[in-house]
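Colleague: Encoded as structure tokens, here's the structure I'll be asking about.
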Amino acid sequence: MGDANMRAELGSPGRRLGTLARHLGVDYSPASSSLMASHNASEIVTPSPTAGSYGGSVFTNVAQAPEDPILGVTVAYNNDPSPVKVNLGVGAYRTEEGKPLVLNVVRRAEQLLVNDPSRVKEYLPITGLADFNKLSAKLIFGADSPAIQENRVATVQCLSGTGSLRVGGEFLARHHHERTIYIPQPTWGNHPKVFTLAGLSVKTYRYYDPTTRGLNFRGLLEDLSMAPHGAIVLLHACAHNPTGVDPTLDQWEQIRLLMRSRGLLPFFDSAYQGFASGNLEADAQSVRMFVADGGECLTAQSYAKNMGLYGERVGALSIVCKSADVAVKVESQLKLVIRPMYSNPPIHGASIVATVLKDGEMYQEWTIELKAMAERIISMRQQLFDALRTRGTAGDWSHIIKQIGMFTFTGLNREQVTFMTKEYHIYMTSDGRISMAGLSSKTVPHLADAIHAAVSRIK
């Protein structure tokens, strides 16, 4: 068929319908086109039955996954009708009234953003909001950090702390010569999953001593001294999760010396800066010690706790490099990790953080609110310790006031935890970790009664 004839054949609506009808095996004539349209349209457009139409789901063999061990605690709590139930599993701050808290300074920042007519919803760059990245590095490393002044830091905005760890882990799996990462035992339950899926081999080093309910410093040093040269080591910057046990500054210095002597690469998880002690500078000291020696390290930051931006998923990954030119290349490779993962990060939460950090008055207001949250948690520790001592509960409970941050490793065993949930409707993770932020002056006596009963009845 010539081009002109083919165009004529295909150009006529009637002819196109005739061609389609013949293709589908349906009788068609132009005179009956309207009749066909009304009576036979379903025959033309209805797809042929497929195996999927009559068979079971193609996902029939997918197994039911278990609840997340931490988030599952909240699920069980929500299903409990008891009026005296207490949720100490969730890692989120609560007020004395047991309510979630939105910081006043965050509300102020949001109002400023909403009222700014110049703001748009365009995509951010792959690396995120530039002001946020610059201010985040300054917050964790210090305004006078030589690494920042010498442009040796590559910072990218990520999806809170978890996303920062995942991006950092995948970068290391692609570009670091030693793909083994050592994480403390115990650690946050998501750490091994994040790093394994990122492509790293996960091993552990001793950290917690259940007999003293403190740091197993000797075991820590022994395990790190046996790690292969160049291995990555995950370190909690402060307020270790789940134990609440941190090294002293002198112990941090010994850890630093050992790691640098063996060429081990530090990867800090900083989820609680300012939230642990109430002092932003003090809670960053461990990180700054490693940066001050000129060596390289990675830091994952989260603003979930210290700004209460849990659901905004605001975080940053910073990699401190030996030189500015290396930092440029590292950033270019971080982009290649991020682009196929989530393309670029969300704008709102990072804009809140940047607004607060770059305004002197708002920054000061933030530090005051942050200190108030930290002091309430410290007060809960003291109240719980005093309540247990008043009841004469067997054992040494001084670790409750020695530990720091949101979580306390109580030392309660699985059977005792189960007993407290069943008899007192108190919910926590099975390893005995409780969120001090979930307590209030009203619920401390109930928790103390439960602990006293559990320790008295179950050994």
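Starting from 1 in every chain, residues are counted up; chains themselves are A, B, ... following the order of the structure tokens, and ligands are numbered from 1 as listed.
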Show me, as a ChimeraX atom specification, the residues that have an atom within 12 Å of Ala372 (chain A) when counting only C-alpha atoms, minus same-chain residues fewer than 3 positions from it.

Modeller: /A:93,95-96,101,103,274-279,306,365-369,375-379,437

Colleague: If we count only C-alpha atoms, what is near Tyr207 (chain A) at a cut-off of 7 Å, once residues fewer than 6 positions away on the same chain are taken out, given as a compact mmCIF listing (two decimals) with N, CA and C atoms, in the first residue's frame?

Modeller:
# COMPACT_ATOMS: atom_id res chain seq x y z
N PRO A 184 28.25 -1.81 68.41
CA PRO A 184 28.27 -2.23 69.83
C PRO A 184 27.22 -3.28 70.12
N GLN A 185 27.51 -4.11 71.12
CA GLN A 185 26.58 -5.12 71.57
C GLN A 185 26.16 -4.80 73.01
N PRO A 186 24.92 -4.36 73.23
CA PRO A 186 23.83 -4.22 72.25
C PRO A 186 23.87 -2.86 71.56
N LEU A 215 29.55 0.24 81.39
CA LEU A 215 30.35 0.01 80.19
C LEU A 215 31.35 -1.12 80.40
N ASN A 216 31.41 -2.03 79.44
CA ASN A 216 32.44 -3.07 79.44
C ASN A 216 33.63 -2.51 78.68
N PHE A 217 34.36 -1.63 79.32
CA PHE A 217 35.41 -0.88 78.62
C PHE A 217 36.57 -1.80 78.20
N GLY A 219 36.43 -5.03 77.53
CA GLY A 219 35.98 -5.84 76.40
C GLY A 219 35.92 -5.04 75.11
N LEU A 220 35.49 -3.79 75.21
CA LEU A 220 35.42 -2.91 74.05
C LEU A 220 36.80 -2.73 73.43

Colleague: Find the spatial neighbours of region 210-212 of chain A, counting only C-alpha atoms, within a cut-off of 12 Å - ignore same-chain residues fewer than 5 positions away - and output them as a PyMOL selection string.

Modeller: chain A and resi 185-186+217+243+245+395-400+402-403+409-413+431-432

Colleague: Could you please determine the separation between CA of Ser201 (chain A) and CA of Pro247 (chain A) in Å, to one decimal place?

Modeller: 25.2 Å

Colleague: Just to confirm, what's the straight-line distance from CA of Ser160 (chain A) to CA of Ile338 (chain A) in Å (one decimal)?

Modeller: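 Going from CA of Ser160 (chain A) over to CA of Ile338 (chain A) covers 13.6 Å.
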
Colleague: Taking only residues of region 124-195 of chain A that have an atom at most 12 Å from an atom of region 70-88 of chain A, what is each one's shortest atom pair and its distance in Å to one decimal, using only C-alpha atoms, in chain and number order, as a Markdown table?

Modeller:
| residue | atom | partner | partner_atom | distance |
| --- | --- | --- | --- | --- |
| A:Trp188 | CA | A:Ile70 | CA | 9.7 |
| A:Gly189 | CA | A:Ile70 | CA | 8.1 |
| A:Asn190 | CA | A:Ile70 | CA | 9.7 |

Colleague: Take the residues from that selection and put them in a file with N, CA, C and O atoms, as a compact mmCIF listing (two decimals), in the first residue's frame.

Modeller:
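Full text of selection.txt as output:
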# COMPACT_ATOMS: atom_id res chain seq x y z
N TRP A 188 21.05 -0.14 68.87
CA TRP A 188 19.71 0.06 68.32
C TRP A 188 19.39 -1.05 67.34
O TRP A 188 20.21 -1.40 66.48
N GLY A 189 18.19 -1.62 67.43
CA GLY A 189 17.84 -2.80 66.64
C GLY A 189 17.89 -2.61 65.14
O GLY A 189 18.03 -3.59 64.39
N ASN A 190 17.80 -1.38 64.67
CA ASN A 190 17.82 -1.12 63.23
C ASN A 190 19.23 -1.08 62.65
O ASN A 190 19.40 -1.19 61.43

Colleague: Please extract the residues of region 88-218 of chain A with a backbone DSSP assignment of strand (DSSP E) and present them as a list of chain:residue names.

Modeller: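 Answer for region 88-218 of chain A, restricted to strand (DSSP E): A:Val153, A:Ala154, A:Thr155, A:Val156, A:Gln157, A:Cys158, A:Leu159, A:Thr180, A:Ile181, A:Tyr182, A:Ile183, A:Pro184, A:Gln185, A:Ser201, A:Val202, A:Lys203, A:Thr204, A:Tyr205, A:Arg206, A:Tyr208, A:Asp209, A:Gly214, A:Leu215.
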
Colleague: Between A:Gly98, A:Leu265, A:Ser318, A:Asn151, which one has atoms that come closest to Ser440 (chain A), using only C-alpha atoms?

Modeller: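 Checking each of A:Gly98, A:Leu265, A:Ser318, A:Asn151 against Ser440 (chain A), counting only C-alpha atoms, the winner is A:Gly98.
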